[in-house]
Every structure is written in C-alpha cells, then in structure tokens.
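A.B. asks: Below is the file run_38.cif, with mmCIF, C-alpha atoms.
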```cif
data_start
loop_
_atom_site.label_atom_id
_atom_site.label_comp_id
_atom_site.auth_asym_id
_atom_site.auth_seq_id
_atom_site.Cartn_x
_atom_site.Cartn_y
_atom_site.Cartn_z
CA MET A 1434 64.07 76.64 31.85
CA SER A 1435 65.69 75.00 34.79
CA SER A 1436 66.64 78.29 36.40
CA SER A 1437 63.17 79.80 36.04
CA PRO A 1438 61.23 80.63 39.21
CA SER A 1439 58.50 78.24 40.26
CA SER A 1440 55.84 80.88 39.67
CA ALA A 1441 56.83 81.23 36.01
CA PRO A 1442 54.24 80.50 33.29
CA SER A 1443 54.06 76.78 32.65
CA PHE A 1444 51.82 74.05 31.35
CA ASP A 1445 49.59 71.91 33.54
CA ASP A 1446 52.20 69.14 33.56
CA GLY A 1447 54.80 71.49 35.03
CA ARG A 1448 56.82 72.11 31.87
CA VAL A 1449 58.10 75.68 31.59
CA LYS A 1450 57.51 77.78 28.49
CA ALA A 1451 60.61 79.05 26.70
CA VAL A 1452 61.48 80.95 23.53
CA LEU A 1453 64.40 79.52 21.54
CA VAL A 1454 66.88 81.76 19.73
CA GLY A 1455 69.47 80.77 17.14
CA VAL A 1456 72.00 83.16 15.62
CA ASP A 1457 73.81 82.33 12.38
CA VAL A 1458 77.09 84.21 12.71
CA GLY A 1459 79.12 84.45 9.54
CA GLY A 1460 77.46 81.54 7.75
CA ASN A 1461 78.38 78.89 10.32
CA VAL A 1462 78.13 75.47 8.63
CA ASP A 1463 77.04 73.90 11.94
CA PHE A 1464 74.15 76.31 12.39
CA ASP A 1465 70.84 74.56 13.05
CA ALA A 1466 68.23 76.66 11.26
CA THR A 1467 65.40 74.51 12.65
CA LEU A 1468 66.55 74.69 16.30
CA ASP A 1469 65.19 71.15 16.62
CA GLU A 1470 68.14 69.91 18.67
CA LEU A 1471 67.88 72.89 21.03
CA ALA A 1472 64.18 72.10 21.41
CA LEU A 1473 65.08 68.52 22.40
CA LEU A 1474 67.62 69.83 24.89
CA ALA A 1475 64.99 72.15 26.34
CA GLU A 1476 62.56 69.25 26.58
CA SER A 1477 65.19 67.19 28.39
CA ALA A 1478 65.53 70.03 30.91
CA GLY A 1479 61.76 70.18 31.51
CA ASP A 1480 61.01 73.09 29.18
CA VAL A 1481 58.88 73.34 26.06
CA ALA A 1482 59.49 75.68 23.14
CA VAL A 1483 56.58 78.05 22.52
CA GLY A 1484 58.43 80.22 20.01
CA ARG A 1485 61.55 80.24 17.86
CA VAL A 1486 63.58 83.17 16.55
CA ILE A 1487 66.34 82.99 13.92
CA ALA A 1488 68.82 85.82 13.46
CA ARG A 1489 71.70 86.27 11.01
CA ARG A 1490 74.63 88.54 11.74
CA ARG A 1491 78.16 89.01 10.48
CA ALA A 1492 79.35 89.19 14.08
CA PRO A 1493 77.67 89.01 17.51
CA ASP A 1494 76.51 92.27 19.01
CA PRO A 1495 78.84 93.00 21.98
CA ALA A 1496 75.95 94.09 24.21
CA LEU A 1497 72.90 91.99 23.26
CA PHE A 1498 74.43 89.33 20.95
CA VAL A 1499 71.47 89.71 18.54
CA GLY A 1500 71.30 93.49 18.37
CA SER A 1501 68.62 95.80 19.75
CA GLY A 1502 66.10 95.32 16.91
CA LYS A 1503 66.07 91.53 17.16
CA ALA A 1504 66.06 91.79 20.97
CA ASP A 1505 62.85 93.83 20.73
CA GLU A 1506 61.36 91.13 18.48
CA ILE A 1507 62.24 88.45 21.05
CA LYS A 1508 60.76 90.56 23.83
CA ALA A 1509 57.47 90.86 21.93
CA LEU A 1510 57.39 87.11 21.35
CA VAL A 1511 58.03 86.45 25.05
CA ALA A 1512 55.14 88.72 25.97
CA GLY A 1513 52.85 87.20 23.35
CA THR A 1514 53.52 83.58 24.33
CA GLY A 1515 53.77 84.11 28.09
CA ALA A 1516 57.22 82.47 28.05
CA ALA A 1517 59.13 82.23 31.32
CA GLY A 1518 62.54 82.58 29.72
CA VAL A 1519 64.73 82.55 26.62
CA ILE A 1520 67.29 79.96 25.57
CA PHE A 1521 70.09 80.77 23.11
CA ASP A 1522 71.66 78.06 20.95
CA GLN A 1523 75.07 79.73 21.28
CA ALA A 1524 77.29 80.58 24.24
CA LEU A 1525 76.71 84.04 25.71
CA SER A 1526 79.21 86.17 27.56
CA PRO A 1527 78.30 87.13 31.15
CA ALA A 1528 77.70 90.75 30.07
CA GLN A 1529 75.49 89.71 27.15
CA GLN A 1530 73.43 87.44 29.39
CA ARG A 1531 72.97 90.17 31.97
CA ASN A 1532 72.02 92.79 29.33
CA LEU A 1533 69.55 90.42 27.67
CA GLU A 1534 67.84 89.62 30.98
CA GLN A 1535 67.47 93.31 31.73
CA HIS A 1536 66.13 94.01 28.23
CA LEU A 1537 63.77 91.04 27.99
CA GLY A 1538 62.62 90.98 31.61
CA VAL A 1539 62.96 87.16 31.89
CA PRO A 1540 65.81 84.75 32.70
CA VAL A 1541 68.14 83.96 29.80
CA ALA A 1542 70.14 80.76 29.39
CA ASP A 1543 72.62 79.70 26.72
CA ARG A 1544 73.34 76.26 25.26
CA THR A 1545 76.18 75.63 27.72
CA SER A 1546 74.15 76.30 30.85
CA LEU A 1547 71.25 74.23 29.47
CA ILE A 1548 73.49 71.19 28.93
CA LEU A 1549 75.01 71.65 32.38
CA ASP A 1550 71.52 71.73 33.93
CA ILE A 1551 70.61 68.48 32.17
CA PHE A 1552 73.83 66.80 33.26
CA ALA A 1553 73.30 67.95 36.85
CA ALA A 1554 69.80 66.43 36.87
CA ARG A 1555 70.85 63.13 35.25
CA ALA A 1556 74.13 62.28 37.01
CA GLN A 1557 73.59 59.37 39.39
CA SER A 1558 76.99 58.05 40.46
CA HIS A 1559 79.34 59.78 42.87
CA GLU A 1560 81.84 60.23 40.06
CA GLY A 1561 79.26 61.66 37.66
CA LYS A 1562 78.04 64.16 40.23
CA LEU A 1563 81.61 65.32 40.91
CA GLN A 1564 82.27 65.73 37.18
CA VAL A 1565 79.14 67.81 36.65
CA GLU A 1566 79.81 69.91 39.74
CA LEU A 1567 83.30 70.75 38.48
CA ALA A 1568 81.96 71.83 35.08
CA ARG A 1569 79.22 73.94 36.68
CA LEU A 1570 81.67 75.61 39.06
CA GLN A 1571 84.03 76.45 36.22
CA TYR A 1572 81.12 77.89 34.24
CA MET A 1573 79.88 79.82 37.26
CA ALA A 1574 83.32 81.34 37.82
CA THR A 1575 83.06 83.11 34.45
CA ARG A 1576 79.62 84.47 35.39
CA LEU A 1577 81.09 86.42 38.30
CA VAL A 1578 82.41 89.08 35.96
CA ARG A 1579 79.84 91.91 35.95
CA ARG A 1580 77.05 89.36 36.31
CA TRP A 1581 75.25 90.26 39.55
CA SER A 1582 75.06 93.74 41.03
CA HIS A 1583 75.37 92.49 44.63
CA LEU A 1584 78.87 91.26 43.82
CA GLU A 1585 80.03 94.85 43.36
CA ARG A 1586 79.37 95.74 46.99
CA GLN A 1587 82.34 96.13 49.30
CA ARG A 1588 82.72 94.23 52.52
CA GLY A 1589 85.17 94.92 55.26
CA GLY A 1590 85.68 95.51 58.95
CA ILE A 1591 85.90 93.29 62.00
CA GLY A 1592 84.42 89.82 61.85
CA THR A 1593 84.18 89.48 58.09
CA ARG A 1594 86.02 87.14 55.76
CA GLY A 1595 88.67 88.86 53.72
CA GLY A 1596 90.47 92.11 54.33
CA PRO A 1597 88.96 95.56 54.72
CA GLY A 1598 87.25 96.76 51.60
CA GLU A 1599 87.41 93.39 49.82
CA ALA A 1600 84.72 93.19 47.17
CA GLN A 1601 82.04 90.53 47.50
CA ILE A 1602 82.96 89.33 44.00
CA GLU A 1603 86.46 88.49 45.26
CA LEU A 1604 85.04 86.49 48.17
CA ASP A 1605 82.73 84.54 45.88
CA ARG A 1606 85.53 83.95 43.38
CA ARG A 1607 87.81 82.67 46.12
CA MET A 1608 85.08 80.41 47.51
CA ILE A 1609 84.39 78.92 44.07
CA GLY A 1610 88.13 78.54 43.46
CA ASP A 1611 88.52 76.59 46.72
CA ARG A 1612 85.61 74.32 45.80
CA ILE A 1613 87.02 73.71 42.30
CA LYS A 1614 90.35 72.69 43.84
CA SER A 1615 88.59 70.31 46.24
CA VAL A 1616 86.48 68.68 43.51
CA LYS A 1617 89.53 68.27 41.23
CA GLU A 1618 91.42 66.50 44.03
CA ARG A 1619 88.51 64.11 44.57
CA LEU A 1620 88.21 63.44 40.84
CA GLU A 1621 91.93 62.74 40.68
CA LYS A 1622 91.41 59.96 43.23
CA VAL A 1623 88.60 58.57 41.08
CA LYS A 1624 90.89 58.71 38.06
CA LYS A 1625 93.56 56.71 39.92
CA GLN A 1626 90.97 54.15 40.98
CA ARG A 1627 89.84 53.74 37.38
CA GLY A 1628 93.47 53.39 36.33
CA THR A 1629 93.93 50.61 38.88
CA GLN A 1630 90.81 48.85 37.58
CA ARG A 1631 92.04 49.13 33.98
CA LYS A 1632 95.42 47.66 34.90
CA ALA A 1633 93.66 44.78 36.61
CA ARG A 1634 91.63 44.12 33.45
CA GLU A 1635 94.81 44.28 31.36
CA ARG A 1636 96.48 41.70 33.62
CA ARG A 1637 93.48 39.43 33.15
CA GLY A 1638 93.71 39.92 29.40
CA THR A 1639 90.20 41.39 29.19
CA PHE A 1640 89.18 42.64 25.74
CA ARG A 1641 87.58 46.06 26.30
CA ILE A 1642 84.77 47.44 24.14
CA SER A 1643 83.14 50.87 24.54
CA LEU A 1644 79.91 52.14 23.02
CA VAL A 1645 80.24 55.70 21.73
CA GLY A 1646 77.97 57.89 19.67
CA TYR A 1647 75.87 61.02 19.41
CA THR A 1648 73.36 61.45 22.19
CA ASN A 1649 70.05 59.65 21.60
CA ALA A 1650 71.56 57.37 18.97
CA GLY A 1651 70.36 54.38 20.99
CA LYS A 1652 73.58 53.36 22.77
CA SER A 1653 71.92 52.32 26.03
CA THR A 1654 69.20 50.38 24.21
CA LEU A 1655 71.86 48.55 22.22
CA PHE A 1656 73.87 47.95 25.40
CA ASN A 1657 70.82 46.35 27.01
CA ALA A 1658 70.19 44.21 23.92
CA LEU A 1659 73.77 42.93 23.85
CA VAL A 1660 74.26 42.12 27.53
CA LYS A 1661 70.60 41.72 28.52
CA ALA A 1662 71.02 44.43 31.14
CA ARG A 1663 68.45 46.89 32.44
CA SER A 1664 70.28 50.19 32.07
CA TYR A 1665 67.99 53.19 31.79
CA ALA A 1666 67.20 54.06 28.18
CA ALA A 1667 64.77 56.66 26.87
CA ASP A 1668 64.06 58.58 23.67
CA GLN A 1669 65.65 61.79 24.90
CA LEU A 1670 68.99 63.56 24.88
CA PHE A 1671 71.43 62.47 27.60
CA ALA A 1672 69.15 59.83 29.08
CA THR A 1673 72.19 58.32 30.81
CA LEU A 1674 75.47 59.92 31.86
CA ASP A 1675 77.28 57.41 34.03
CA THR A 1676 79.47 54.72 32.50
CA THR A 1677 78.06 51.22 32.93
CA THR A 1678 80.29 48.18 32.33
CA ARG A 1679 79.10 44.60 31.95
CA SER A 1680 80.57 41.29 30.83
CA LEU A 1681 79.50 40.22 27.33
CA TRP A 1682 79.77 36.51 26.52
CA LEU A 1683 80.61 35.79 22.88
CA GLU A 1684 79.81 32.19 22.13
CA GLN A 1685 81.35 32.40 18.66
CA ALA A 1686 84.70 33.48 20.16
CA GLY A 1687 84.41 31.26 23.23
CA ARG A 1688 85.21 34.07 25.65
CA SER A 1689 83.84 37.08 27.50
CA VAL A 1690 84.65 40.72 26.81
CA SER A 1691 84.07 43.90 28.79
CA LEU A 1692 81.39 46.21 27.32
CA SER A 1693 80.99 49.81 28.55
CA ASP A 1694 78.21 52.28 27.77
CA THR A 1695 79.57 55.86 27.84
CA VAL A 1696 78.06 59.34 27.84
CA GLY A 1697 76.73 60.56 24.48
CA PHE A 1698 78.32 63.40 22.53
CA ILE A 1699 76.61 66.45 21.10
CA ARG A 1700 77.45 69.45 18.95
CA ASP A 1701 79.16 72.25 20.86
CA LEU A 1702 79.56 70.11 23.97
CA PRO A 1703 81.01 72.55 26.52
CA HIS A 1704 84.80 72.18 26.60
CA LYS A 1705 84.83 72.27 30.39
CA LEU A 1706 82.33 69.42 30.41
CA VAL A 1707 84.63 67.33 28.23
CA GLU A 1708 87.49 68.10 30.61
CA ALA A 1709 85.38 67.25 33.66
CA PHE A 1710 84.33 63.90 32.17
CA GLU A 1711 87.93 62.98 31.38
CA ALA A 1712 87.88 60.01 33.77
CA THR A 1713 84.72 58.63 32.17
CA LEU A 1714 85.76 59.33 28.57
CA GLN A 1715 89.08 57.60 29.29
CA GLU A 1716 87.12 54.34 29.00
CA ALA A 1717 86.80 55.04 25.28
CA ALA A 1718 90.44 56.04 24.84
CA ASP A 1719 91.64 52.85 26.58
CA ALA A 1720 89.26 50.51 24.76
CA ASP A 1721 90.43 47.81 22.35
CA LEU A 1722 87.38 48.40 20.17
CA LEU A 1723 84.74 51.12 19.79
CA LEU A 1724 81.19 50.47 18.68
CA HIS A 1725 80.29 53.83 17.10
CA VAL A 1726 76.49 53.91 17.26
CA VAL A 1727 74.87 56.11 14.59
CA ASP A 1728 71.20 57.06 14.34
CA ALA A 1729 70.50 55.86 10.79
CA SER A 1730 67.16 57.68 10.76
CA SER A 1731 68.58 61.12 11.60
CA PRO A 1732 68.61 63.78 8.85
CA GLN A 1733 71.83 65.05 10.48
CA LEU A 1734 73.57 61.65 10.32
CA ARG A 1735 76.71 62.98 8.63
CA GLU A 1736 77.14 65.93 10.99
CA GLN A 1737 76.53 63.81 14.08
CA GLN A 1738 78.99 61.14 12.98
CA ALA A 1739 81.63 63.79 12.24
CA GLU A 1740 81.10 65.41 15.66
CA VAL A 1741 81.66 62.10 17.44
CA GLU A 1742 84.83 61.56 15.43
CA ARG A 1743 86.05 65.03 16.42
CA VAL A 1744 85.49 64.43 20.14
CA LEU A 1745 87.16 61.01 19.92
CA GLU A 1746 90.23 62.72 18.45
CA ASP A 1747 90.15 65.29 21.28
CA ILE A 1748 90.16 62.62 24.00
CA GLY A 1749 92.87 60.50 22.36
CA ALA A 1750 90.56 57.77 21.04
CA GLY A 1751 90.80 58.61 17.35
CA GLN A 1752 93.06 55.64 16.55
CA VAL A 1753 91.03 53.00 18.41
CA PRO A 1754 89.53 50.45 15.95
CA GLN A 1755 85.83 51.03 15.27
CA VAL A 1756 82.76 49.21 14.09
CA LEU A 1757 80.07 51.52 12.74
CA VAL A 1758 76.67 50.43 14.06
CA TYR A 1759 73.82 52.04 12.12
CA ASN A 1760 70.97 51.82 14.62
CA LYS A 1761 67.22 52.56 14.40
CA CYS A 1762 66.94 50.95 10.96
CA ASP A 1763 63.36 50.03 11.87
CA LEU A 1764 62.50 53.73 11.45
CA LEU A 1765 63.74 53.84 7.86
CA GLU A 1766 61.40 53.63 4.89
CA ASP A 1767 61.70 50.51 2.72
CA SER A 1768 63.47 52.50 0.00
CA ARG A 1769 66.21 53.44 2.46
CA GLN A 1770 66.76 49.97 3.92
CA SER A 1771 70.08 48.27 3.26
CA ARG A 1772 70.08 45.04 1.28
CA GLU A 1773 73.24 43.90 3.04
CA PRO A 1774 73.08 43.93 6.88
CA VAL A 1775 76.89 43.91 7.14
CA ASP A 1776 79.44 45.60 4.89
CA GLN A 1777 82.55 47.73 5.02
CA VAL A 1778 82.88 51.41 4.25
CA GLU A 1779 85.83 53.67 3.56
CA VAL A 1780 85.75 56.47 6.15
CA HIS A 1781 89.11 57.98 5.22
CA PRO A 1782 91.32 57.41 2.17
CA GLY A 1783 92.63 53.87 2.54
CA VAL A 1784 90.86 53.29 5.87
CA ARG A 1785 87.85 50.96 5.91
CA ARG A 1786 85.60 49.99 8.80
CA PRO A 1787 83.02 47.26 9.25
CA ARG A 1788 79.46 48.55 9.33
CA VAL A 1789 76.43 46.74 10.72
CA PHE A 1790 72.79 47.77 10.29
CA VAL A 1791 70.67 47.01 13.36
CA SER A 1792 67.58 47.94 15.33
CA ALA A 1793 68.35 47.70 19.01
CA GLN A 1794 64.66 48.26 19.71
CA THR A 1795 63.42 45.24 17.71
CA GLY A 1796 66.60 43.15 17.94
CA ASP A 1797 67.12 42.95 14.17
CA GLY A 1798 70.81 42.68 13.31
CA VAL A 1799 71.99 42.36 16.93
CA ALA A 1800 73.03 38.71 16.43
CA LEU A 1801 75.05 39.73 13.36
CA LEU A 1802 76.71 42.48 15.39
CA ARG A 1803 77.70 39.93 18.03
CA GLN A 1804 79.22 37.82 15.25
CA VAL A 1805 81.22 40.77 13.90
CA ILE A 1806 82.50 41.54 17.41
CA ALA A 1807 83.41 37.88 17.91
CA ASP A 1808 85.31 37.84 14.60
CA ILE A 1809 87.30 40.88 15.65
CA VAL A 1810 88.06 39.45 19.07
CA ALA A 1811 89.14 36.18 17.49
CA GLY A 1812 91.38 38.07 15.09
CA ARG A 1813 89.54 37.01 11.94
CA LEU A 1814 88.47 40.53 10.95
CA HIS A 1815 91.30 43.06 10.62
CA HIS A 1816 91.07 46.82 11.01
CA SER A 1817 93.76 47.95 8.63
CA GLU A 1818 94.22 49.81 5.42
CA SER A 1819 94.61 46.49 3.63
CA ALA A 1820 91.22 45.16 4.79
CA PRO A 1821 89.32 43.60 1.88
CA SER A 1822 86.80 45.90 0.28
CA VAL A 1823 83.14 45.05 -0.04
CA GLU A 1824 81.83 45.99 -3.43
CA ALA A 1825 78.19 46.97 -3.85
CA GLU A 1826 76.23 48.52 -6.62
CA PRO A 1827 75.02 52.05 -5.82
CA SER A 1828 71.43 50.85 -6.02
CA ALA A 1829 72.03 48.07 -3.49
CA LEU A 1830 72.16 50.44 -0.56
CA PRO A 1831 70.12 53.52 0.36
CA SER A 1832 71.51 56.78 -0.91
CA HIS A 1833 70.42 59.15 1.88
CA PRO A 1834 72.29 60.95 3.23
CA ALA A 1835 75.30 61.40 0.98
CA ASP A 1836 78.71 60.08 1.96
CA PRO A 1837 80.12 62.49 4.60
CA ASP A 1838 83.65 62.07 3.24
CA GLY A 1839 82.92 63.43 -0.20
CA PRO A 1840 84.47 61.10 -2.84
CA ALA A 1841 82.50 58.11 -4.05
CA HIS A 1842 83.48 54.82 -2.42
CA SER A 1843 82.71 51.20 -3.15
CA VAL A 1844 79.94 51.26 -0.56
CA THR A 1845 77.42 54.10 -0.48
CA LEU A 1846 76.54 55.42 2.94
CA PRO A 1847 72.82 55.38 3.73
#
```
Would you mind writing the file out in structure tokens?
C.D. replies:
Amino acid sequence: MSSSPSSAPSFDDGRVKAVLVGVDVGGNVDFDATLDELALLAESAGDVAVGRVIARRRAPDPALFVGSGKADEIKALVAGTGAAGVIFDQALSPAQQRNLEQHLGVPVADRTSLILDIFAARAQSHEGKLQVELARLQYMATRLVRRWSHLERQRGGIGTRGGPGEAQIELDRRMIGDRIKSVKERLEKVKKQRGTQRKARERRGTFRISLVGYTNAGKSTLFNALVKARSYAADQLFATLDTTTRSLWLEQAGRSVSLSDTVGFIRDLPHKLVEAFEATLQEAADADLLLHVVDASSPQLREQQAEVERVLEDIGAGQVPQVLVYNKCDLLEDSRQSREPVDQVEVHPGVRRPRVFVSAQTGDGVALLRQVIADIVAGRLHHSESAPSVEAEPSALPSHPADPDGPAHSVTLP
C-alpha cells in the first residue's frame, strides 16, 4: 500500500503486495463480496491483491473490527503470502487501526485512506492539490486520538512550543488545525474565483454541460471524443481528478456550449473528500445539463448509477436535467446490445430522461449524442414529466441488469 515502507515485499515491477479484507456488517446491501472494486482501488494506488478475506459480523468488534479469530486468520494469510500490508474495505477507527497493526505486524489501511492516497497522487492542479490536502489533514486529525505512542509524551520547559507539560498530541493537533484553517482560506479564494468565472459565463449566455458518473465509466474518453481534446484517460479508477472545461461546437444548434469533465464518484466516497471538492463539484450543481455517463458493461450498473444520483443530491445537483449516456457498449455481447441507439427511460415515477448508447472508445453513437445535446440546447427536447414516452417491446432491448427503479417501464434498462 502507499504507506508501506520501501523495503516491503513487492513484485519486480515495484507493486506492493496487500491482503484485502471485507466485512459484511448486518447484511449491508452495498457490501461487495468479491472485493473487486477494492482490488481496483489498490491497483490504482500501486498495490496488488495477493489474498482476500471475507468476514460477516452482526456488529464490528470494538478492538479489532473483525474479532480476534478472524484477525488470526488474516495474520496467517499475510505470513503465507508475504504481504506488506492489509487494506480494509470499510472505515476503521484510529484505535482499531492501531490494534490491527500491532496484532498483524504490518501496516493497515482502510478504504478512506486508500482513496485519499490515490487522490493525492493524481491531483495535478493547484486547486486539486489544495482540496486533497484538506481532506487528508481532516482525516489525519482523527488519527491523533490514541494513534501513535509518541504523541502521549509530555513536552514542556523553556524554549519549547506550548506551555509546560503540554502533550505532544496537543501540539500536533494545533499544528494540523492551523494548516486546515490556512488551506480552507485558500480554497475559499478559489471558490470565489470560480464564482466570478461562472457569472462571466452566465453574462455571455453560455450553456453549461458537465460530465458526471461513476469512476472509470469512461467520462474522460467521452470528453475527448466530443471536443477532440487530449485529456488523460486510462482504464483505472480516478484516472483524472481535476475539472477540465472546453468549448464544444454543436453544428446542429449553430452555437458553442461549455463542456466540463468532473471527478468520478465511487461508493463510500469519504464525506470529507466530498466537502473538500465542493468547489470542483459546484460545476455540476451549476450546470444547465448533466451527461450522466454509465458503464453499460458493469455488473454493478444499477448500484453505480444509484450512487451517482445520491452524490448529485448531496451536492445540490439532483434537479439538473440529465441525459443518460450508456458507454462501453462495444464491450457488450450481441445479445445485450440495444436495437435503438437513442430512447427515453423513466427513472422516477413520471420523470423520463433521454438515454443514448455509445462507445467513446470506438466513436459509435457519439454523433447521435451530439445531436441529442443540440436538440436540448435548441429547446426541441424537453426534460419534463410530460415528455413523450418511447415505447419498446421488452425483447427490443437487452434485459441485463434489471431496472434499478423496480416497476416495469415502457423501456427496459439494459
């Protein structure tokens, strides 16, 4: 893992060995029994999973999260695989992390710290780096509670910071608090600058479009295909973090629009990270239209789409009109391909959205997507409860996975 020492067991290419642990607490519906997403996160951080452990508990163990018996099983697996550390798919308390490290004899990371490590490595812009630093500092502040033994030592006397007998933990907490305040002030300036830029776009009458979606759904690849840009895109989680905005010319509408590629969402995205990226996510909340990019080939399509919708609600973008863009259709088997490249689907009772099937990688469907966007910009396609329905026989469209909203609709979700 990212925090592992350089001398830790690793592969010839430098990747560090790690054991993944998932705990199903109380039958959590979001529990990933395969730990595949955690493995992708680990890979994004430069680690590789050499073992996986699944545990089921009614409630987390206060000391070791998984209990002593399962902790012994993990310890044996670490020894057998030569792993350099252990990564948990859930958030650990500072005490649990400390106890686990002492019991297992290797560094332990949780899902939150893993995502923060990835964000810290990927942020490129000044704003992105500030946002990640704030989230990491806020996370670190919670780790000061009974986390490191040296923080329990007392410092005092002439020539030292703090008063006589002040604990080192208090000094560290104060130092982190001061840094958090400084970073927040700098981010507030960035937020005001973005606000000024948005007002300028509003005065010019610019139509603003933001790409949103689950991480690795292909947003950056689609962004490049639409505006012929060269933004970094890769088949990995959180390939890009910084918002990129370009002008998109729509010949059918006879005008240009502003298109922004935003950071991807993910299950259990740390709340502090969402707060830290408020300035960036504001692009989505202030948009006139959202292109919600969905990985049509993902077995977790429904869950990923629902998670994006939840985050959009949290950041105040839940009411922004959307076009659902089902990407990566080139990876679907023939039996799962849609007969109609454009349709509409009811996402909530009485609320329908346009849906376009594309492959940003091959370019299939991208021209149709541009046409749909142009129709919306020109006011010919309305996002309202009274939008005309598109009827389709159940056999006309792929049936996997099932409709995430439960009741049968006139268009079956693939």
A.B. asks: Gln1733 of chain A: which residues within 10 Å, counting all atoms listed in the file, same-chain residues fewer than 4 positions away excluded, as number ranges by chain?
C.D. replies: A: 1465, 1728-1729, 1737-1738, 1834
A.B. asks: Using all atoms listed in the file, which residues sit within 9 Å of Ala1524 of chain A once same-chain residues fewer than 3 positions away are excluded, as a VMD selection string?
C.D. replies: chain A and resid 1521 1542 to 1546
A.B. asks: Point out the residue among A:Phe1790, A:Val1778, A:Leu1681, A:Gly1749 with the least atom-to-atom distance to Ser1730 of chain A, counting all atoms listed in the file.
C.D. replies: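 Comparing A:Phe1790, A:Val1778, A:Leu1681, A:Gly1749 against Ser1730 of chain A, the winner is A:Phe1790.
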A.B. asks: To one decimal in Å, tell me the separation between atom CA of Val1805 of chain A and atom CA of Arg1788 of chain A.
C.D. replies: 9.2 Å
A.B. asks: What gap, in Å, lies between atom CA of Gln1530 of chain A and atom CA of Thr1575 of chain A?
C.D. replies: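 Interatomic distance, atom CA of Gln1530 of chain A to atom CA of Thr1575 of chain A: 11.7 Å.
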A.B. asks: Report as a ChimeraX atom specification the full result of the PyMOL selection byres ((chain A and resi 1659-1661) around 9) when it is applied to this structure.
C.D. replies: /A:1654-1658,1662-1663,1679-1682,1692,1793,1799-1800,1802-1803
A.B. asks: Take the residues just selected and output them with C-alpha atoms as a CSV table (one decimal), in the frame of the given file.
C.D. replies:
```csv
chain,number,residue,atom,x,y,z
A,1654,THR,CA,69.2,50.4,24.2
A,1655,LEU,CA,71.9,48.6,22.2
A,1656,PHE,CA,73.9,48.0,25.4
A,1657,ASN,CA,70.8,46.4,27.0
A,1658,ALA,CA,70.2,44.2,23.9
A,1662,ALA,CA,71.0,44.4,31.1
A,1663,ARG,CA,68.4,46.9,32.4
A,1679,ARG,CA,79.1,44.6,32.0
A,1680,SER,CA,80.6,41.3,30.8
A,1681,LEU,CA,79.5,40.2,27.3
A,1682,TRP,CA,79.8,36.5,26.5
A,1692,LEU,CA,81.4,46.2,27.3
A,1793,ALA,CA,68.4,47.7,19.0
A,1799,VAL,CA,72.0,42.4,16.9
A,1800,ALA,CA,73.0,38.7,16.4
A,1802,LEU,CA,76.7,42.5,15.4
A,1803,ARG,CA,77.7,39.9,18.0
```
